[in-house]
$ cat protein_12.cif   # mmCIF, N, CA and C atoms
data_final
loop_
_atom_site.label_atom_id
_atom_site.label_comp_id
_atom_site.auth_asym_id
_atom_site.auth_seq_id
_atom_site.Cartn_x
_atom_site.Cartn_y
_atom_site.Cartn_z
N MET P 1 0.82 -1.18 0.00
CA MET P 1 0.00 0.00 0.00
C MET P 1 0.87 1.24 0.00
N GLY P 2 1.98 1.23 0.72
CA GLY P 2 2.88 2.36 0.74
C GLY P 2 3.42 2.69 -0.63
N GLU P 3 3.70 1.64 -1.43
CA GLU P 3 4.18 1.86 -2.78
C GLU P 3 3.11 2.53 -3.63
N GLN P 4 1.83 2.15 -3.43
CA GLN P 4 0.75 2.76 -4.18
C GLN P 4 0.66 4.24 -3.87
N ILE P 5 0.77 4.59 -2.61
CA ILE P 5 0.72 5.99 -2.21
C ILE P 5 1.90 6.73 -2.81
N MET P 6 3.10 6.12 -2.76
CA MET P 6 4.29 6.75 -3.27
C MET P 6 4.19 6.96 -4.78
N MET P 7 3.53 6.03 -5.47
CA MET P 7 3.46 6.09 -6.92
C MET P 7 2.34 6.99 -7.42
N GLN P 8 1.43 7.40 -6.54
CA GLN P 8 0.38 8.32 -6.97
C GLN P 8 1.03 9.62 -7.42
N GLY P 9 0.56 10.12 -8.51
CA GLY P 9 1.12 11.37 -9.02
C GLY P 9 2.27 11.15 -9.98
N MET P 10 2.78 9.92 -10.08
CA MET P 10 3.83 9.62 -11.05
C MET P 10 3.16 9.22 -12.35
N ASP P 11 3.83 9.50 -13.45
CA ASP P 11 3.28 8.97 -14.69
C ASP P 11 3.53 7.46 -14.73
N ALA P 12 2.81 6.79 -15.60
CA ALA P 12 2.84 5.33 -15.64
C ALA P 12 4.23 4.78 -15.92
N SER P 13 5.00 5.42 -16.76
CA SER P 13 6.32 4.90 -17.11
C SER P 13 7.28 4.99 -15.92
N LYS P 14 7.22 6.09 -15.18
CA LYS P 14 8.07 6.22 -13.99
C LYS P 14 7.66 5.22 -12.93
N ALA P 15 6.37 5.03 -12.76
CA ALA P 15 5.88 4.06 -11.78
C ALA P 15 6.31 2.65 -12.17
N ALA P 16 6.26 2.32 -13.44
CA ALA P 16 6.66 0.99 -13.91
C ALA P 16 8.16 0.77 -13.70
N LEU P 17 8.95 1.80 -13.96
CA LEU P 17 10.40 1.70 -13.72
C LEU P 17 10.69 1.49 -12.24
N LEU P 18 10.01 2.23 -11.40
CA LEU P 18 10.20 2.10 -9.96
C LEU P 18 9.81 0.70 -9.50
N GLU P 19 8.67 0.22 -9.97
CA GLU P 19 8.21 -1.12 -9.58
C GLU P 19 9.18 -2.19 -10.05
N ALA P 20 9.72 -2.04 -11.25
CA ALA P 20 10.70 -3.01 -11.77
C ALA P 20 11.96 -3.01 -10.91
N GLY P 21 12.39 -1.82 -10.52
CA GLY P 21 13.57 -1.73 -9.65
C GLY P 21 13.33 -2.37 -8.29
N LEU P 22 12.15 -2.12 -7.72
CA LEU P 22 11.81 -2.73 -6.43
C LEU P 22 11.71 -4.25 -6.55
N ALA P 23 11.20 -4.74 -7.66
CA ALA P 23 11.09 -6.19 -7.88
C ALA P 23 12.48 -6.82 -7.92
N LYS P 24 13.44 -6.15 -8.54
CA LYS P 24 14.81 -6.66 -8.58
C LYS P 24 15.42 -6.71 -7.18
N ILE P 25 15.17 -5.67 -6.40
CA ILE P 25 15.69 -5.62 -5.02
C ILE P 25 15.09 -6.76 -4.20
N ARG P 26 13.78 -6.97 -4.34
CA ARG P 26 13.12 -8.06 -3.61
C ARG P 26 13.69 -9.42 -4.02
N ALA P 27 13.91 -9.60 -5.31
CA ALA P 27 14.46 -10.88 -5.81
C ALA P 27 15.87 -11.11 -5.26
N ARG P 28 16.70 -10.08 -5.23
CA ARG P 28 18.05 -10.22 -4.66
C ARG P 28 17.97 -10.56 -3.19
N PHE P 29 17.02 -9.95 -2.50
CA PHE P 29 16.85 -10.25 -1.08
C PHE P 29 16.48 -11.71 -0.89
N ILE P 30 15.51 -12.21 -1.64
CA ILE P 30 15.11 -13.61 -1.54
C ILE P 30 16.30 -14.51 -1.85
N ASP P 31 17.08 -14.16 -2.88
CA ASP P 31 18.27 -14.94 -3.22
C ASP P 31 19.28 -14.98 -2.09
N SER P 32 19.34 -13.90 -1.30
CA SER P 32 20.31 -13.83 -0.19
C SER P 32 19.88 -14.65 1.02
N LEU P 33 18.63 -15.06 1.05
CA LEU P 33 18.12 -15.74 2.24
C LEU P 33 18.80 -17.08 2.51
N GLU P 34 19.16 -17.81 1.47
CA GLU P 34 19.81 -19.11 1.70
C GLU P 34 21.11 -18.95 2.47
N ASP P 35 21.92 -17.96 2.11
CA ASP P 35 23.17 -17.71 2.84
C ASP P 35 22.87 -17.26 4.27
N ARG P 36 21.86 -16.44 4.45
CA ARG P 36 21.49 -15.99 5.79
C ARG P 36 21.01 -17.16 6.64
N ILE P 37 20.24 -18.06 6.02
CA ILE P 37 19.77 -19.25 6.73
C ILE P 37 20.97 -20.09 7.17
N ASP P 38 21.92 -20.31 6.27
CA ASP P 38 23.12 -21.08 6.61
C ASP P 38 23.88 -20.44 7.77
N ASP P 39 24.01 -19.12 7.73
CA ASP P 39 24.71 -18.41 8.81
C ASP P 39 24.00 -18.58 10.15
N PHE P 40 22.67 -18.41 10.14
CA PHE P 40 21.92 -18.59 11.39
C PHE P 40 22.03 -20.03 11.89
N CYS P 41 21.97 -21.00 11.00
CA CYS P 41 22.07 -22.41 11.41
C CYS P 41 23.43 -22.70 12.03
N ALA P 42 24.48 -22.14 11.47
CA ALA P 42 25.82 -22.31 12.05
C ALA P 42 25.87 -21.73 13.46
N GLN P 43 25.24 -20.57 13.65
CA GLN P 43 25.22 -19.95 14.97
C GLN P 43 24.38 -20.76 15.96
N LEU P 44 23.33 -21.42 15.48
CA LEU P 44 22.53 -22.27 16.37
C LEU P 44 23.37 -23.39 16.96
N GLU P 45 24.26 -23.95 16.15
CA GLU P 45 25.15 -25.00 16.65
C GLU P 45 26.09 -24.45 17.71
N ILE P 46 26.63 -23.27 17.47
CA ILE P 46 27.54 -22.63 18.43
C ILE P 46 26.79 -22.28 19.71
N LEU P 47 25.52 -21.92 19.57
CA LEU P 47 24.68 -21.54 20.70
C LEU P 47 24.51 -22.69 21.70
N GLU P 48 24.58 -23.93 21.21
CA GLU P 48 24.38 -25.10 22.07
C GLU P 48 25.48 -25.28 23.11
N ASN P 49 26.65 -24.74 22.86
CA ASN P 49 27.77 -24.88 23.78
C ASN P 49 27.79 -23.70 24.75
N PRO P 50 27.61 -23.95 26.06
CA PRO P 50 27.59 -22.85 27.02
C PRO P 50 28.83 -21.96 26.96
N ALA P 51 29.97 -22.53 26.58
CA ALA P 51 31.21 -21.75 26.52
C ALA P 51 31.20 -20.74 25.37
N THR P 52 30.38 -20.99 24.34
CA THR P 52 30.35 -20.09 23.19
C THR P 52 28.98 -19.44 22.98
N ALA P 53 28.07 -19.68 23.91
CA ALA P 53 26.70 -19.18 23.76
C ALA P 53 26.63 -17.66 23.69
N GLU P 54 27.41 -16.98 24.50
CA GLU P 54 27.34 -15.51 24.49
C GLU P 54 27.83 -14.95 23.16
N ALA P 55 28.91 -15.50 22.63
CA ALA P 55 29.41 -15.04 21.33
C ALA P 55 28.39 -15.34 20.24
N ALA P 56 27.75 -16.50 20.31
CA ALA P 56 26.72 -16.85 19.33
C ALA P 56 25.55 -15.88 19.42
N CYS P 57 25.13 -15.55 20.63
CA CYS P 57 24.03 -14.59 20.81
C CYS P 57 24.38 -13.25 20.19
N THR P 58 25.59 -12.80 20.41
CA THR P 58 26.02 -11.52 19.86
C THR P 58 25.97 -11.53 18.33
N GLU P 59 26.43 -12.62 17.73
CA GLU P 59 26.42 -12.73 16.27
C GLU P 59 25.00 -12.88 15.74
N ILE P 60 24.18 -13.68 16.39
CA ILE P 60 22.78 -13.84 15.97
C ILE P 60 22.06 -12.50 16.05
N ARG P 61 22.31 -11.76 17.12
CA ARG P 61 21.68 -10.46 17.29
C ARG P 61 22.07 -9.52 16.15
N ALA P 62 23.36 -9.50 15.81
CA ALA P 62 23.83 -8.62 14.73
C ALA P 62 23.18 -8.99 13.40
N GLN P 63 23.09 -10.29 13.11
CA GLN P 63 22.47 -10.74 11.87
C GLN P 63 20.97 -10.43 11.87
N ALA P 64 20.31 -10.65 12.99
CA ALA P 64 18.88 -10.36 13.10
C ALA P 64 18.62 -8.86 12.93
N HIS P 65 19.50 -8.03 13.48
CA HIS P 65 19.37 -6.58 13.36
C HIS P 65 19.43 -6.16 11.88
N LYS P 66 20.38 -6.70 11.15
CA LYS P 66 20.50 -6.38 9.72
C LYS P 66 19.25 -6.83 8.96
N LEU P 67 18.80 -8.05 9.26
CA LEU P 67 17.63 -8.59 8.59
C LEU P 67 16.39 -7.74 8.90
N HIS P 68 16.23 -7.39 10.17
CA HIS P 68 15.11 -6.54 10.58
C HIS P 68 15.13 -5.23 9.81
N GLY P 69 16.31 -4.66 9.64
CA GLY P 69 16.44 -3.37 8.97
C GLY P 69 16.01 -3.39 7.51
N ILE P 70 16.28 -4.47 6.82
CA ILE P 70 15.97 -4.52 5.39
C ILE P 70 14.56 -5.03 5.10
N CYS P 71 13.98 -5.80 5.99
CA CYS P 71 12.70 -6.45 5.71
C CYS P 71 11.57 -5.48 5.35
N GLY P 72 11.51 -4.36 6.01
CA GLY P 72 10.45 -3.39 5.69
C GLY P 72 10.57 -2.83 4.28
N SER P 73 11.79 -2.72 3.81
CA SER P 73 12.02 -2.17 2.47
C SER P 73 11.72 -3.16 1.36
N VAL P 74 11.68 -4.44 1.69
CA VAL P 74 11.47 -5.46 0.66
C VAL P 74 10.14 -6.19 0.83
N GLY P 75 9.23 -5.59 1.59
CA GLY P 75 7.89 -6.15 1.71
C GLY P 75 7.80 -7.42 2.53
N GLN P 76 8.61 -7.52 3.58
CA GLN P 76 8.62 -8.71 4.43
C GLN P 76 8.37 -8.32 5.90
N PRO P 77 7.19 -7.79 6.20
CA PRO P 77 6.95 -7.32 7.57
C PRO P 77 6.97 -8.44 8.62
N ARG P 78 6.44 -9.62 8.29
CA ARG P 78 6.44 -10.72 9.26
C ARG P 78 7.87 -11.16 9.59
N MET P 79 8.68 -11.32 8.56
CA MET P 79 10.07 -11.70 8.77
C MET P 79 10.79 -10.63 9.59
N GLY P 80 10.51 -9.38 9.28
CA GLY P 80 11.12 -8.28 10.02
C GLY P 80 10.72 -8.29 11.48
N ALA P 81 9.45 -8.57 11.74
CA ALA P 81 8.97 -8.61 13.13
C ALA P 81 9.62 -9.76 13.90
N LEU P 82 9.77 -10.91 13.24
CA LEU P 82 10.43 -12.04 13.90
C LEU P 82 11.90 -11.74 14.17
N ALA P 83 12.57 -11.11 13.21
CA ALA P 83 13.97 -10.73 13.41
C ALA P 83 14.10 -9.73 14.57
N ALA P 84 13.15 -8.81 14.66
CA ALA P 84 13.16 -7.84 15.76
C ALA P 84 12.97 -8.53 17.10
N GLN P 85 12.10 -9.54 17.15
CA GLN P 85 11.90 -10.29 18.40
C GLN P 85 13.20 -10.96 18.83
N VAL P 86 13.89 -11.58 17.88
CA VAL P 86 15.18 -12.21 18.20
C VAL P 86 16.14 -11.17 18.76
N GLU P 87 16.25 -10.08 18.05
CA GLU P 87 17.17 -9.00 18.45
C GLU P 87 16.86 -8.49 19.85
N HIS P 88 15.61 -8.18 20.12
CA HIS P 88 15.24 -7.60 21.42
C HIS P 88 15.36 -8.61 22.55
N HIS P 89 15.04 -9.86 22.27
CA HIS P 89 15.19 -10.87 23.33
C HIS P 89 16.67 -11.05 23.68
N ILE P 90 17.52 -11.07 22.69
CA ILE P 90 18.96 -11.22 22.97
C ILE P 90 19.48 -10.01 23.74
N ASP P 91 19.00 -8.81 23.41
CA ASP P 91 19.39 -7.63 24.19
C ASP P 91 19.07 -7.82 25.67
N SER P 92 17.86 -8.30 25.94
CA SER P 92 17.45 -8.53 27.34
C SER P 92 18.27 -9.64 27.97
N LEU P 93 18.49 -10.69 27.22
CA LEU P 93 19.24 -11.84 27.72
C LEU P 93 20.67 -11.44 28.09
N LEU P 94 21.32 -10.71 27.21
CA LEU P 94 22.71 -10.33 27.46
C LEU P 94 22.85 -9.34 28.63
N ALA P 95 21.79 -8.63 28.93
CA ALA P 95 21.81 -7.69 30.06
C ALA P 95 21.57 -8.40 31.39
N GLY P 96 21.21 -9.68 31.34
CA GLY P 96 20.85 -10.42 32.54
C GLY P 96 21.98 -11.26 33.09
N PRO P 97 21.60 -12.16 34.01
CA PRO P 97 22.60 -12.98 34.71
C PRO P 97 23.21 -14.06 33.81
N ARG P 98 24.34 -14.55 34.26
CA ARG P 98 25.03 -15.66 33.61
C ARG P 98 24.89 -16.88 34.49
N PRO P 99 24.90 -18.08 34.00
CA PRO P 99 24.99 -18.44 32.59
C PRO P 99 23.70 -18.11 31.85
N LEU P 100 23.83 -17.90 30.57
CA LEU P 100 22.68 -17.54 29.74
C LEU P 100 21.78 -18.74 29.51
N ASN P 101 20.48 -18.49 29.58
CA ASN P 101 19.52 -19.51 29.19
C ASN P 101 19.06 -19.15 27.78
N THR P 102 19.55 -19.88 26.81
CA THR P 102 19.33 -19.54 25.41
C THR P 102 18.18 -20.33 24.77
N ASP P 103 17.39 -21.01 25.57
CA ASP P 103 16.29 -21.82 25.03
C ASP P 103 15.33 -20.98 24.18
N PHE P 104 14.96 -19.81 24.67
CA PHE P 104 14.01 -18.98 23.94
C PHE P 104 14.64 -18.37 22.69
N VAL P 105 15.94 -18.10 22.73
CA VAL P 105 16.64 -17.63 21.52
C VAL P 105 16.52 -18.70 20.45
N ASP P 106 16.76 -19.94 20.85
CA ASP P 106 16.65 -21.05 19.93
C ASP P 106 15.24 -21.13 19.32
N GLU P 107 14.23 -21.00 20.17
CA GLU P 107 12.83 -21.06 19.72
C GLU P 107 12.50 -19.91 18.76
N LEU P 108 12.88 -18.69 19.14
CA LEU P 108 12.61 -17.54 18.28
C LEU P 108 13.35 -17.64 16.94
N LEU P 109 14.61 -18.06 17.02
CA LEU P 109 15.40 -18.16 15.79
C LEU P 109 14.84 -19.23 14.87
N ASN P 110 14.36 -20.32 15.43
CA ASN P 110 13.75 -21.35 14.58
C ASN P 110 12.48 -20.85 13.92
N ALA P 111 11.70 -20.03 14.60
CA ALA P 111 10.51 -19.43 13.98
C ALA P 111 10.92 -18.51 12.83
N LEU P 112 11.97 -17.73 13.04
CA LEU P 112 12.48 -16.85 11.99
C LEU P 112 12.99 -17.68 10.81
N LEU P 113 13.73 -18.75 11.10
CA LEU P 113 14.24 -19.60 10.03
C LEU P 113 13.11 -20.23 9.23
N ASP P 114 12.04 -20.64 9.91
CA ASP P 114 10.88 -21.19 9.20
C ASP P 114 10.31 -20.16 8.22
N GLU P 115 10.18 -18.93 8.66
CA GLU P 115 9.66 -17.87 7.80
C GLU P 115 10.60 -17.63 6.62
N MET P 116 11.88 -17.61 6.87
CA MET P 116 12.84 -17.41 5.80
C MET P 116 12.77 -18.54 4.78
N GLU P 117 12.70 -19.77 5.27
CA GLU P 117 12.65 -20.94 4.39
C GLU P 117 11.37 -20.94 3.54
N GLN P 118 10.26 -20.52 4.13
CA GLN P 118 9.02 -20.43 3.36
C GLN P 118 9.16 -19.46 2.20
N ASN P 119 9.87 -18.36 2.43
CA ASN P 119 10.07 -17.38 1.36
C ASN P 119 11.00 -17.93 0.27
N VAL P 120 12.01 -18.68 0.66
CA VAL P 120 12.90 -19.29 -0.33
C VAL P 120 12.13 -20.32 -1.14
N ASP P 121 11.35 -21.16 -0.44
CA ASP P 121 10.59 -22.21 -1.12
C ASP P 121 9.53 -21.62 -2.04
N GLY P 122 8.98 -20.47 -1.66
CA GLY P 122 7.93 -19.85 -2.46
C GLY P 122 8.43 -19.02 -3.62
N ALA P 123 9.74 -18.85 -3.70
CA ALA P 123 10.30 -18.00 -4.77
C ALA P 123 10.38 -18.73 -6.09
#
$ encode --input "protein_12.cif" --output "C-alpha cells"
Amino acid sequence: MGEQIMMQGMDASKAALLEAGLAKIRARFIDSLEDRIDDFCAQLEILENPATAEAACTEIRAQAHKLHGICGSVGQPRMGALAAQVEHHIDSLLAGPRPLNTDFVDELLNALLDEMEQNVDGA
C-alpha cells in the first residue's frame, strides 16, 4: 500500500520503472536468504555450547538486526517482526545474569528460520 501511495502522481512509465527496480531488489533479497539461513544455522550450533553461547548470541543479534532493517524495504513485515523479536530478546538476555539460558533464543530463531525458508521455497 505504501508503494501505491508513493506512486500516486507519477506517470505510468516512472511508476513501472520504480516497480521493476523494487522487484529486482526483492528478488536479490530472496536470493540472499539461503546464505542468511546457513549463517543462522551455524550460529545455532555454536549456541548449544555454554562456553560459546554468548558469542553466538552476539552474532545472531547482529544478523537479526540487519535482517530486521531490510525487511520493511522489501515487503517482508512478518520476517522483520520475527527478526526484531530475536534482536530484542537477545538484548534482554545479554543484560541479565550468567549463565545464559538460550532456550528462547533457539525457539525464536527457529521461527524466523521457518519464515525465511518459506520465502525461499515460495520464490
$ resolve_selection --input "protein_12.cif" --expression "the PyMOL selection byres ((chain P and resi 79) around 7)" --output "number ranges by chain"
P: 67-68, 71, 76-78, 80-84, 112, 115-116
$ residues_around --input "protein_12.cif" --residues "P:Ile37" --least-positions-apart "5" --cutoff "6.5 Å" --atoms "only N, CA and C atoms" --output "number ranges by chain"
P: 32, 42, 113
$ write_last_selection --input "protein_12.cif" --atoms "N, CA and C atoms" --output "PDB file, in the coordinates of the input"
ATOM      1  N   SER P  32      19.340 -13.900  -1.300  1.00  0.00           N
ATOM      2  CA  SER P  32      20.310 -13.830  -0.190  1.00  0.00           C
ATOM      3  C   SER P  32      19.880 -14.650   1.020  1.00  0.00           C
ATOM      4  N   ALA P  42      24.480 -22.140  11.470  1.00  0.00           N
ATOM      5  CA  ALA P  42      25.820 -22.310  12.050  1.00  0.00           C
ATOM      6  C   ALA P  42      25.870 -21.730  13.460  1.00  0.00           C
ATOM      7  N   LEU P 113      13.730 -18.750  11.100  1.00  0.00           N
ATOM      8  CA  LEU P 113      14.240 -19.600  10.030  1.00  0.00           C
ATOM      9  C   LEU P 113      13.110 -20.230   9.230  1.00  0.00           C
TER      10      LEU P 113
END
$ resolve_selection --input "protein_12.cif" --expression "the PyMOL selection byres (((chain P and resi 88 and name CA) around 12) and name CA)" --output "number ranges by chain"
P: 57-58, 60-62, 64-65, 68, 81-87, 89-95, 104-105, 108-109
$ residues_around --input "protein_12.cif" --residues "stretch 15-27 of chain P" --least-positions-apart "2" --cutoff "9 Å" --atoms "only C-alpha atoms" --output "list in words"
Glu3, Met7, Gln8, Met10, Asp11, Ala12, Ser13, Phe29, Ile30, Asp31, Ser32, Ser73, Val74, Gly75 and Ala123 of chain P
$ resolve_selection --input "protein_12.cif" --expression "the PyMOL selection byres (((chain P and resi 53 and name CA) around 12) and name CA)" --output "list in words"
Gln43, Leu44, Glu45, Ile46, Leu47, Glu48, Asn49, Pro50, Ala51, Thr52, Glu54, Ala55, Ala56, Cys57, Thr58, Glu59, Ile60, Arg61, Ile90, Leu93, Leu94, Arg98, Pro99, Leu100, Asn101, Thr102, Asp103, Val105 and Asp106 of chain P
$ atom_distance --input "protein_12.cif" --atom1 "atom CA of P:Gly96" --atom2 "atom CA of P:Asp114"
27.6 Å
$ select_by_dssp --input "protein_12.cif" --residues "chain P" --states "alpha helix (DSSP H)" --output "PyMOL selection string"
chain P and resi 2-7+12-47+53-71+77-94+103-122
$ atom_distance --input "protein_12.cif" --atom1 "atom CA of P:Asn119" --atom2 "atom CA of P:Arg28"
12.3 Å
$ atom_distance --input "protein_12.cif" --atom1 "atom C of P:Gly122" --atom2 "atom C of P:Glu107"
22.8 Å
$ decode --input "protein_12.cif" --residues "stretch 53-76 of chain P" --atoms "N, CA, C and O atoms" --output "mmCIF file, in the first residue's frame"
data_model
loop_
_atom_site.group_PDB
_atom_site.id
_atom_site.type_symbol
_atom_site.label_atom_id
_atom_site.label_comp_id
_atom_site.auth_asym_id
_atom_site.auth_seq_id
_atom_site.Cartn_x
_atom_site.Cartn_y
_atom_site.Cartn_z
ATOM 1 N N ALA P 53 28.069 -19.677 23.909
ATOM 2 C CA ALA P 53 26.695 -19.179 23.762
ATOM 3 C C ALA P 53 26.632 -17.658 23.688
ATOM 4 O O ALA P 53 25.872 -17.104 22.878
ATOM 5 N N GLU P 54 27.409 -16.976 24.498
ATOM 6 C CA GLU P 54 27.341 -15.513 24.488
ATOM 7 C C GLU P 54 27.831 -14.946 23.159
ATOM 8 O O GLU P 54 27.210 -14.041 22.601
ATOM 9 N N ALA P 55 28.911 -15.499 22.634
ATOM 10 C CA ALA P 55 29.412 -15.042 21.334
ATOM 11 C C ALA P 55 28.388 -15.342 20.238
ATOM 12 O O ALA P 55 28.168 -14.514 19.343
ATOM 13 N N ALA P 56 27.750 -16.499 20.313
ATOM 14 C CA ALA P 56 26.723 -16.850 19.325
ATOM 15 C C ALA P 56 25.553 -15.880 19.415
ATOM 16 O O ALA P 56 25.030 -15.430 18.392
ATOM 17 N N CYS P 57 25.125 -15.552 20.631
ATOM 18 C CA CYS P 57 24.031 -14.593 20.808
ATOM 19 C C CYS P 57 24.376 -13.245 20.192
ATOM 20 O O CYS P 57 23.536 -12.629 19.517
ATOM 21 N N THR P 58 25.588 -12.803 20.406
ATOM 22 C CA THR P 58 26.019 -11.518 19.858
ATOM 23 C C THR P 58 25.973 -11.532 18.327
ATOM 24 O O THR P 58 25.493 -10.582 17.700
ATOM 25 N N GLU P 59 26.431 -12.622 17.733
ATOM 26 C CA GLU P 59 26.420 -12.730 16.269
ATOM 27 C C GLU P 59 24.997 -12.878 15.745
ATOM 28 O O GLU P 59 24.633 -12.257 14.734
ATOM 29 N N ILE P 60 24.178 -13.682 16.387
ATOM 30 C CA ILE P 60 22.781 -13.841 15.975
ATOM 31 C C ILE P 60 22.063 -12.500 16.050
ATOM 32 O O ILE P 60 21.310 -12.132 15.153
ATOM 33 N N ARG P 61 22.314 -11.765 17.122
ATOM 34 C CA ARG P 61 21.685 -10.455 17.290
ATOM 35 C C ARG P 61 22.073 -9.522 16.152
ATOM 36 O O ARG P 61 21.237 -8.820 15.592
ATOM 37 N N ALA P 62 23.365 -9.502 15.810
ATOM 38 C CA ALA P 62 23.832 -8.622 14.728
ATOM 39 C C ALA P 62 23.178 -8.993 13.396
ATOM 40 O O ALA P 62 22.734 -8.118 12.640
ATOM 41 N N GLN P 63 23.094 -10.293 13.110
ATOM 42 C CA GLN P 63 22.473 -10.737 11.867
ATOM 43 C C GLN P 63 20.973 -10.431 11.866
ATOM 44 O O GLN P 63 20.420 -10.026 10.837
ATOM 45 N N ALA P 64 20.313 -10.648 12.993
ATOM 46 C CA ALA P 64 18.880 -10.356 13.096
ATOM 47 C C ALA P 64 18.620 -8.856 12.927
ATOM 48 O O ALA P 64 17.641 -8.452 12.289
ATOM 49 N N HIS P 65 19.497 -8.033 13.481
ATOM 50 C CA HIS P 65 19.370 -6.581 13.363
ATOM 51 C C HIS P 65 19.427 -6.165 11.882
ATOM 52 O O HIS P 65 18.597 -5.360 11.422
ATOM 53 N N LYS P 66 20.380 -6.702 11.146
ATOM 54 C CA LYS P 66 20.497 -6.383 9.719
ATOM 55 C C LYS P 66 19.248 -6.832 8.964
ATOM 56 O O LYS P 66 18.725 -6.105 8.116
ATOM 57 N N LEU P 67 18.804 -8.047 9.257
ATOM 58 C CA LEU P 67 17.627 -8.585 8.588
ATOM 59 C C LEU P 67 16.393 -7.742 8.897
ATOM 60 O O LEU P 67 15.627 -7.390 7.997
ATOM 61 N N HIS P 68 16.229 -7.390 10.166
ATOM 62 C CA HIS P 68 15.110 -6.543 10.578
ATOM 63 C C HIS P 68 15.132 -5.226 9.808
ATOM 64 O O HIS P 68 14.100 -4.743 9.339
ATOM 65 N N GLY P 69 16.306 -4.656 9.638
ATOM 66 C CA GLY P 69 16.436 -3.374 8.965
ATOM 67 C C GLY P 69 16.011 -3.389 7.508
ATOM 68 O O GLY P 69 15.429 -2.427 7.018
ATOM 69 N N ILE P 70 16.280 -4.473 6.820
ATOM 70 C CA ILE P 70 15.966 -4.523 5.389
ATOM 71 C C ILE P 70 14.559 -5.031 5.098
ATOM 72 O O ILE P 70 13.980 -4.703 4.064
ATOM 73 N N CYS P 71 13.985 -5.797 5.994
ATOM 74 C CA CYS P 71 12.696 -6.449 5.705
ATOM 75 C C CYS P 71 11.570 -5.476 5.348
ATOM 76 O O CYS P 71 10.761 -5.770 4.463
ATOM 77 N N GLY P 72 11.508 -4.361 6.005
ATOM 78 C CA GLY P 72 10.455 -3.389 5.693
ATOM 79 C C GLY P 72 10.575 -2.834 4.282
ATOM 80 O O GLY P 72 9.575 -2.559 3.622
ATOM 81 N N SER P 73 11.787 -2.717 3.809
ATOM 82 C CA SER P 73 12.021 -2.169 2.474
ATOM 83 C C SER P 73 11.723 -3.158 1.358
ATOM 84 O O SER P 73 11.573 -2.761 0.209
ATOM 85 N N VAL P 74 11.677 -4.441 1.695
ATOM 86 C CA VAL P 74 11.472 -5.462 0.663
ATOM 87 C C VAL P 74 10.145 -6.189 0.830
ATOM 88 O O VAL P 74 9.944 -7.273 0.291
ATOM 89 N N GLY P 75 9.232 -5.592 1.588
ATOM 90 C CA GLY P 75 7.894 -6.149 1.706
ATOM 91 C C GLY P 75 7.803 -7.421 2.529
ATOM 92 O O GLY P 75 7.004 -8.297 2.216
ATOM 93 N N GLN P 76 8.614 -7.522 3.580
ATOM 94 C CA GLN P 76 8.618 -8.709 4.434
ATOM 95 C C GLN P 76 8.369 -8.320 5.902
ATOM 96 O O GLN P 76 9.221 -8.525 6.770
#
